[in-house]
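Asks: Before I ask anything, here is the structure I am working with.
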Amino acid sequence: MSRPKRDISGQKFNALTAVRPAGKDGEHQLWEFNCDCGRVYTARGSSVWSGSTQSCGCFRWRGPRARFLEKTQPEPNSGCLLWLGPTKDNGYGVCSFGFYKNGYAHRFAWEMARGPIPGGLFVLHRCDTRCCVNVDHLFLGTHAENMADMVAKGRGVRGERVKNAKLTRAAVEDIRSRYVAGVTSQVELARQYGVVPTTIGKIIRGERWT
Ligand SMILES: [Zn+2]
Ligand SMILES: [Zn+2]
């Protein structure tokens, strides 16, 4: 590897301290940086020493973080961090901070602490508190895990099999997609959702919630 034209090893630019050259992006020399927030970040050297890149991306959260935390309250017994701002009808908190428009507060909390959420994944609660934004109570999961989690926490229907139990549209979609994909049986789906198997059969055949 050719030596970089400008050696910035050990130099600090805003939150970024240059560690070592990290190859090239076309004509541009890349460097590996340690960010003040603890992340390792690779960027073009020129964009960092010119000041157009000042952090790994964590700087954008500096303003919102304080304003976000002002709208929360710790719940000492559960350890939950309760969102005091607006919530949707489904009980999840929502927030807006410049680049983040009317999104879920718990997803915002996750991105602020852990970075971007991979496409298609849900941020789920370990606790049963939808307005909780404590990242230690959150984890990433798929749509199916989200559904199973809801059932496990009794938000859907569970326990005794209720003949006319109501299932959400999301649950219906989950049932259909998993059955069509062949990953599970009608009996198993009925057990998971706490309904009688004939209800699952009707959903699959489109006789309900079409
Ligand atoms: Zn950072
Ligand atoms: Zn919680």
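Chains: A, B, ... in order of the structure tokens. Residues: from 1 per chain. Ligands: from 1, in order shown.
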Within 6 Å of ligand 1, counting only C-alpha atoms and all ligand atoms: which residues, as an NGL selection string?

Replies: :A and (35-37 or 39 or 55-58)

Asks: Next, dump the selected residues to file, keeping only C-alpha atoms, as a PDB file, in the first residue's frame.

Replies:
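Result file is selection03.pdb:
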```pdb
ATOM      1  CA  CYS A  35     -14.373   8.707  17.792  1.00  0.00           C
ATOM      2  CA  ASP A  36     -14.774  10.297  21.238  1.00  0.00           C
ATOM      3  CA  CYS A  37     -17.955   8.259  21.670  1.00  0.00           C
ATOM      4  CA  ARG A  39     -16.746   3.889  18.015  1.00  0.00           C
ATOM      5  CA  SER A  55     -17.658  12.699  14.300  1.00  0.00           C
ATOM      6  CA  CYS A  56     -18.722   9.145  13.486  1.00  0.00           C
ATOM      7  CA  GLY A  57     -22.229  10.541  13.194  1.00  0.00           C
ATOM      8  CA  CYS A  58     -22.848  10.749  16.926  1.00  0.00           C
TER       9      CYS A  58
END
```

Asks: Please identify the residues whose atoms come within 7 Å of ligand 2, using only C-alpha atoms and all ligand atoms, and report them as a short mmCIF file (atom, residue, chain, number, x, y, z; two decimals) with N, CA and C atoms, in the first residue's frame.

Replies:
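Wrote it out as selection-v7.cif, contents follow:
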```cif
data_model
loop_
_atom_site.label_atom_id
_atom_site.label_comp_id
_atom_site.auth_asym_id
_atom_site.auth_seq_id
_atom_site.Cartn_x
_atom_site.Cartn_y
_atom_site.Cartn_z
N SER A 78 -39.11 -1.01 38.18
CA SER A 78 -38.90 -1.85 36.99
C SER A 78 -37.60 -1.52 36.28
N GLY A 79 -37.04 -0.32 36.53
CA GLY A 79 -35.87 0.12 35.78
C GLY A 79 -36.25 0.70 34.42
N CYS A 80 -37.53 0.78 34.14
CA CYS A 80 -37.97 1.35 32.87
C CYS A 80 -37.68 2.85 32.84
N LEU A 81 -37.47 3.35 31.63
CA LEU A 81 -37.35 4.78 31.42
C LEU A 81 -38.59 5.17 30.63
N HIS A 125 -39.53 -4.89 23.12
CA HIS A 125 -39.34 -4.63 24.56
C HIS A 125 -39.16 -5.93 25.34
N ARG A 126 -38.13 -5.96 26.19
CA ARG A 126 -38.00 -7.07 27.14
C ARG A 126 -39.01 -6.88 28.27
N CYS A 127 -39.19 -5.64 28.66
CA CYS A 127 -40.20 -5.33 29.67
C CYS A 127 -41.53 -5.26 28.92
N ASP A 128 -42.60 -5.16 29.64
CA ASP A 128 -43.91 -5.15 28.97
C ASP A 128 -44.46 -3.73 28.90
N THR A 129 -43.56 -2.76 28.78
CA THR A 129 -43.97 -1.36 28.85
C THR A 129 -43.68 -0.69 27.52
N CYS A 132 -41.65 2.47 27.31
CA CYS A 132 -40.30 2.44 27.89
C CYS A 132 -39.26 2.67 26.80
N VAL A 133 -38.29 3.55 27.09
CA VAL A 133 -37.23 3.86 26.12
C VAL A 133 -35.84 3.56 26.69
N ASN A 134 -35.79 2.68 27.71
CA ASN A 134 -34.50 2.25 28.26
C ASN A 134 -33.91 1.21 27.30
N HIS A 137 -33.71 -2.41 27.96
CA HIS A 137 -34.95 -3.19 27.94
C HIS A 137 -35.39 -3.50 26.51
#
```

Asks: Run DSSP on the backbone and give me the residues of region 23-163 of chain A it puts in strand (DSSP E or B), as a VMD selection string.

Replies: chain A and resid 23 to 25 28 to 35 40 to 44 72 to 75 80 to 83 87 93 to 97 100 to 104 122 to 125 132 138 to 141 162

Asks: Mind listing the alpha helix (DSSP H) residues of region 41-192 of chain A, per DSSP on the backbone, as a PyMOL selection string?

Replies: chain A and resi 45-49+62-70+105-114+143-152+169-180+186-192

Asks: Which is closest to Asn34 (chain A) among A:Leu124, A:Ala18, A:Ile117, A:Leu84, if we use only C-alpha atoms?

Replies: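 Smallest distance to Asn34 (chain A) is found for A:Ala18.
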
Asks: Give me, please, the distance in Å between CA of Tyr100 (chain A) and CA of Phe139 (chain A), quoted to one decimal.

Replies: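 If I compute the distance from CA of Tyr100 (chain A) to CA of Phe139 (chain A), I get 20.2 Å.
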